[in-house]
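Chemist: Sending over a structure as structure tokens; questions will come in a sec.
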Amino acid sequence: MNSETSTTTTDWLPMSIWPAETYRLEPVQGWIHRAAERNYAFSTDTFVDSLGVSSRDWDYDELLKIVQQMPINGYAEIEHCTPKRSNQGYEICGHKVPFRFISKSERRVCPQCLEEERYVRTWFDFVPIATCPHHNVALVEGLPNDPLDWRHTEIGWTRSGVKVGSEHATPQIASKLDRFIVQSLTGGQVGLPDHLDGLSLRTILAASVCVGKLYRGDEKHIATYESVRSFCQLGFDPLVGGSDAIIDFLRRADWLQPGRDRTSYVVRCNGVPTMLLAINNKNLRHLIADTFARVRVRNGLATPSGRLSKYDGEDDHLNVKGAARRLGLSPHTMRVLLRKLAVDAKPCEHSRGHRLNQEQLASVQKYIEDSFGPEEAANRLGCTPQELKSLAARKLLQPAFHMSGRRHYTKSDLAGFVDRITAAAVDDPSLDGQMIKPLSEQVGISLAEACSRIIRDRSLVTVDHEPRSPLFEGLKVALSPKAMRRSGVRPNAQVRDAITYAEAAARLGTKYDGIKGLIEASLIGTVKDSRNKDRICPKSLELFECRYIKASAYAQVLGCHPTSALKILRTMGVLPINDRKSAGPRFIDREQVMRLTGLRCPEPSGWAGWQTIKEELDENLATHAVPATTRISPAPGIEVRATSGRWSFLIERKKEQKKFSLTSSFTSIRQRGRLKKVLERSIEPSEIWPGARVHNADGGGFVIVDETLESETDGSSQDTLVDRVITRAYQIHQIL
């Protein structure tokens, strides 16, 4: 550094006297101040005007062009330390910063620095800096009510003529931000954490402002130098500390406390995404957004659902859905367990959901841990997992819950099932008891079917049980006398006055909505069953069938296509009783058709014969305790269906061959469930009905047809048909 003053007589230079020396970190405005002093200028403003630059703005770029013409050695240092205007703000000391971070109007100085050497340091005008890190002295704009006069040619004089020095210094500890900025501008070593390593000074300062604004809940759009400095100083330390430090910092914010004005809170939250766009680094932007979301959840201001669902558990509570996911359950199963365990979940303040604390979650988890999977439960009962699955399918043993597609049972569930089996024990010396497994194989039924006969129809009774052994390894049963048997496997399932809407729709050949329309029109009546559910009254359904008929039934009489029958009848004055959209097939009054057209509705061929066979079948099914019902189908024919719905087959008559046929379908489209059971058990289709013919069905699956019965209408043929139906029903029931 050279302290001499240079002079020249060269006319092309902008000034005749100039400071030959340059100082470290001195910007162009500082050098111009000293040049005005060397030239004995009246003020710095008049000196700048004499150089052809407006004193109102002090354009640094124009001043650099003037200094560049001067024969000095330190121009590169001056240019490096001067804020140069660019498209993105200012470029200073190799860093690009926004305009708001450099002050040209409210300039400050360090009194202690001026005491040592009176020149301007480049970081004096850096807005975020509050304290000189070299002396731990606050930067000042002057004295109280006496600001610095920058028109004075010597730096550091106030407007009242006081020279600022060390006696005017205010001690103040420099912050981490002050030291970081000065080290960055001077090119020193700056140690930053991993999440800030490699980021520009501009990005770090913008992120600090955002953290400070989030703490203050700032809603103002006009930023002053003082507010920018305050936000930077507030937000830098938590930003350096990382995610946890930012969370702890923001959780103390006044506007983020529970119970504050909700409207103001919502308005401020809506502005956060736009505010964070000032951070041009995606990872840092997501870090701050993530911490803000966590703070909202932890302070109970937001429910962790939707976009915030990944923060579930931040406040030591979990949503039902999140808790179910953590335990491997479905939300429905989780709610079932909460009701079963009487867990009083905390209702959410901002939604209709409920939340669980860690203690409640632990109680559910312990309940799950104490339960048994299908393998262990089967081992405790002395059966195979497949047999246990059959028990659950027949609703003889209900699982406590499902987890990951597997049934789980509790100790009380298994004990209750054992009690149901052993409670029906009969003390009768005349009964010859056998172990349940050998007896089931001997009779030709599954273990689940044997349990069903013990509990439901009492065709098997418990004789003895060894309590120290698994249930099915120490259970002795015997065939019960007929007097002890119930009339059917499922008493409620065969009640004649329990016709469902779907069964009535199938019986009439219409849709579910069609049945509802007939009920609304009071054409069909309903009754309540034992579970207080609406069912179709069988008597009203029979009366409806006697009086009304589908219009398509007259197609044969009219000699037209079934879809055209109603059009022709309309021309004759016949109107359907359910003439509305989505009503399904249209029904018409038989008497009205007879009165208006003189047409008689033909009964289905052999209808009376089918009715006789149906009555005979109903009587024999009840006598042989076959869990099935019958109905005459429109084919015509008779459908025999299990009360459980697991199997069915159709009885038809082929006129050309004069034979009855029994057809049971196992297709992948309409009978997917029964086909799946057959495939899982690796049962050959020919084993279901021995001697019957099997052929593949379109789309997958197979169909079994038994067509060896003569269809002569004498009594012997009918008896043979009934016997064959009973036999086939037993055979298919053992498998399904």
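Going by the structure tokens order, chains are called A, B, ..., each with residues numbered from 1, while ligands are numbered from 1 in the order shown.
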Name all residues at most 12 Å from Thr170 in chain A (count only C-alpha atoms; drop same-chain ones fewer than 3 positions away) and give them as a PyMOL selection string.
Modeler: chain A and resi 109-112+130-132+135-140+142-143+164-167+173-174
Chemist: From a DSSP calculation on the backbone, collect every residue of range 656-706 of chain A in strand (DSSP E) and output the set as a VMD selection string.
Modeler: chain A and resid 659 to 667 693 to 696 701 to 706
Chemist: Please identify all polymer residues within 12 Å of Arg394 in chain A, counting only C-alpha atoms, omitting same-chain residues fewer than 6 positions from it, and present them as a PyMOL selection string.
Modeler: chain A and resi 387-388+446-453+455-456+489-490+643-646+736
Chemist: Determine which residues of range 324-357 of chain A receive a DSSP assignment of alpha helix (DSSP H), computed from the backbone, and state them as a list in words.
Modeler: Ala324, Arg325, Arg326, Leu327, Pro331, His332, Thr333, Met334, Arg335, Val336, Leu337, Leu338, Arg339 and Lys340 of chain A
Chemist: Please produce an output containing N, CA and C atoms for each residue in the selection, written as a compact mmCIF listing (two decimals), in the first residue's frame.
Modeler:
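Writing done, so here's part_29.txt:
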# COMPACT_ATOMS: atom_id res chain seq x y z
N ALA A 324 -52.55 -48.48 11.14
CA ALA A 324 -52.83 -49.77 10.47
C ALA A 324 -51.68 -50.14 9.54
N ARG A 325 -51.16 -49.16 8.81
CA ARG A 325 -50.04 -49.43 7.90
C ARG A 325 -48.81 -49.88 8.67
N ARG A 326 -48.56 -49.27 9.82
CA ARG A 326 -47.39 -49.64 10.62
C ARG A 326 -47.52 -51.06 11.16
N LEU A 327 -48.74 -51.48 11.49
CA LEU A 327 -48.95 -52.82 12.05
C LEU A 327 -49.24 -53.87 10.99
N PRO A 331 -57.12 -50.47 7.21
CA PRO A 331 -57.81 -49.51 8.08
C PRO A 331 -59.10 -50.06 8.68
N HIS A 332 -59.85 -50.86 7.88
CA HIS A 332 -61.08 -51.45 8.41
C HIS A 332 -60.78 -52.39 9.57
N THR A 333 -59.77 -53.26 9.41
CA THR A 333 -59.41 -54.18 10.49
C THR A 333 -58.94 -53.41 11.71
N MET A 334 -58.21 -52.31 11.50
CA MET A 334 -57.74 -51.51 12.62
C MET A 334 -58.91 -50.94 13.41
N ARG A 335 -59.91 -50.44 12.71
CA ARG A 335 -61.08 -49.90 13.40
C ARG A 335 -61.84 -51.00 14.15
N VAL A 336 -61.89 -52.20 13.57
CA VAL A 336 -62.54 -53.32 14.25
C VAL A 336 -61.82 -53.65 15.55
N LEU A 337 -60.50 -53.67 15.52
CA LEU A 337 -59.73 -53.97 16.73
C LEU A 337 -59.89 -52.87 17.78
N LEU A 338 -59.96 -51.62 17.33
CA LEU A 338 -60.14 -50.52 18.29
C LEU A 338 -61.47 -50.65 19.01
N ARG A 339 -62.52 -51.02 18.27
CA ARG A 339 -63.82 -51.24 18.93
C ARG A 339 -63.78 -52.44 19.85
N LYS A 340 -63.10 -53.49 19.43
CA LYS A 340 -63.04 -54.70 20.24
C LYS A 340 -62.27 -54.45 21.54
Chemist: Considering only C-alpha atoms, can you say which of A:Glu141, A:Asp432, A:Glu680, A:Glu707 comes closest to Phe660 in chain A?
Modeler: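 Among the listed residues, A:Glu707 lies closest to Phe660 in chain A.
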Chemist: Write out as a list in words each polymer residue whose atoms come within 9 Å of Ile204 in chain A, counting only C-alpha atoms; drop sequence neighbours fewer than 6 positions from it.
Modeler: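 The contact residues come out as Leu196, Phe236, Leu239, Ile279 and Leu284 of chain A.
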Chemist: Can those selected residues be exported to a file as an mmCIF file, in the first residue's frame so that it contains N, CA, C and O atoms?
Modeler:
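Contents of result_11.cif, freshly written:
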data_model
loop_
_atom_site.group_PDB
_atom_site.id
_atom_site.type_symbol
_atom_site.label_atom_id
_atom_site.label_comp_id
_atom_site.auth_asym_id
_atom_site.auth_seq_id
_atom_site.Cartn_x
_atom_site.Cartn_y
_atom_site.Cartn_z
ATOM 1 N N LEU A 196 -25.624 -27.453 3.453
ATOM 2 C CA LEU A 196 -25.328 -26.133 2.887
ATOM 3 C C LEU A 196 -24.036 -26.118 2.091
ATOM 4 O O LEU A 196 -23.723 -25.100 1.452
ATOM 5 N N PHE A 236 -30.390 -17.574 10.232
ATOM 6 C CA PHE A 236 -29.140 -18.218 9.821
ATOM 7 C C PHE A 236 -28.722 -19.328 10.784
ATOM 8 O O PHE A 236 -28.366 -20.440 10.350
ATOM 9 N N LEU A 239 -30.752 -22.433 10.425
ATOM 10 C CA LEU A 239 -30.491 -23.018 9.110
ATOM 11 C C LEU A 239 -29.200 -23.819 9.116
ATOM 12 O O LEU A 239 -29.140 -24.922 8.557
ATOM 13 N N ILE A 279 -35.813 -19.384 -2.872
ATOM 14 C CA ILE A 279 -34.654 -20.268 -2.701
ATOM 15 C C ILE A 279 -34.494 -21.061 -3.986
ATOM 16 O O ILE A 279 -35.364 -21.856 -4.352
ATOM 17 N N LEU A 284 -32.718 -27.574 -0.625
ATOM 18 C CA LEU A 284 -32.840 -26.690 0.535
ATOM 19 C C LEU A 284 -34.273 -26.194 0.678
ATOM 20 O O LEU A 284 -34.783 -26.059 1.798
#
Chemist: In Å to one decimal, how far is CA of Ala323 in chain A from CA of Gly306 in chain A?
Modeler: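 Separating CA of Gly306 in chain A from CA of Ala323 in chain A is a distance of 15.0 Å.
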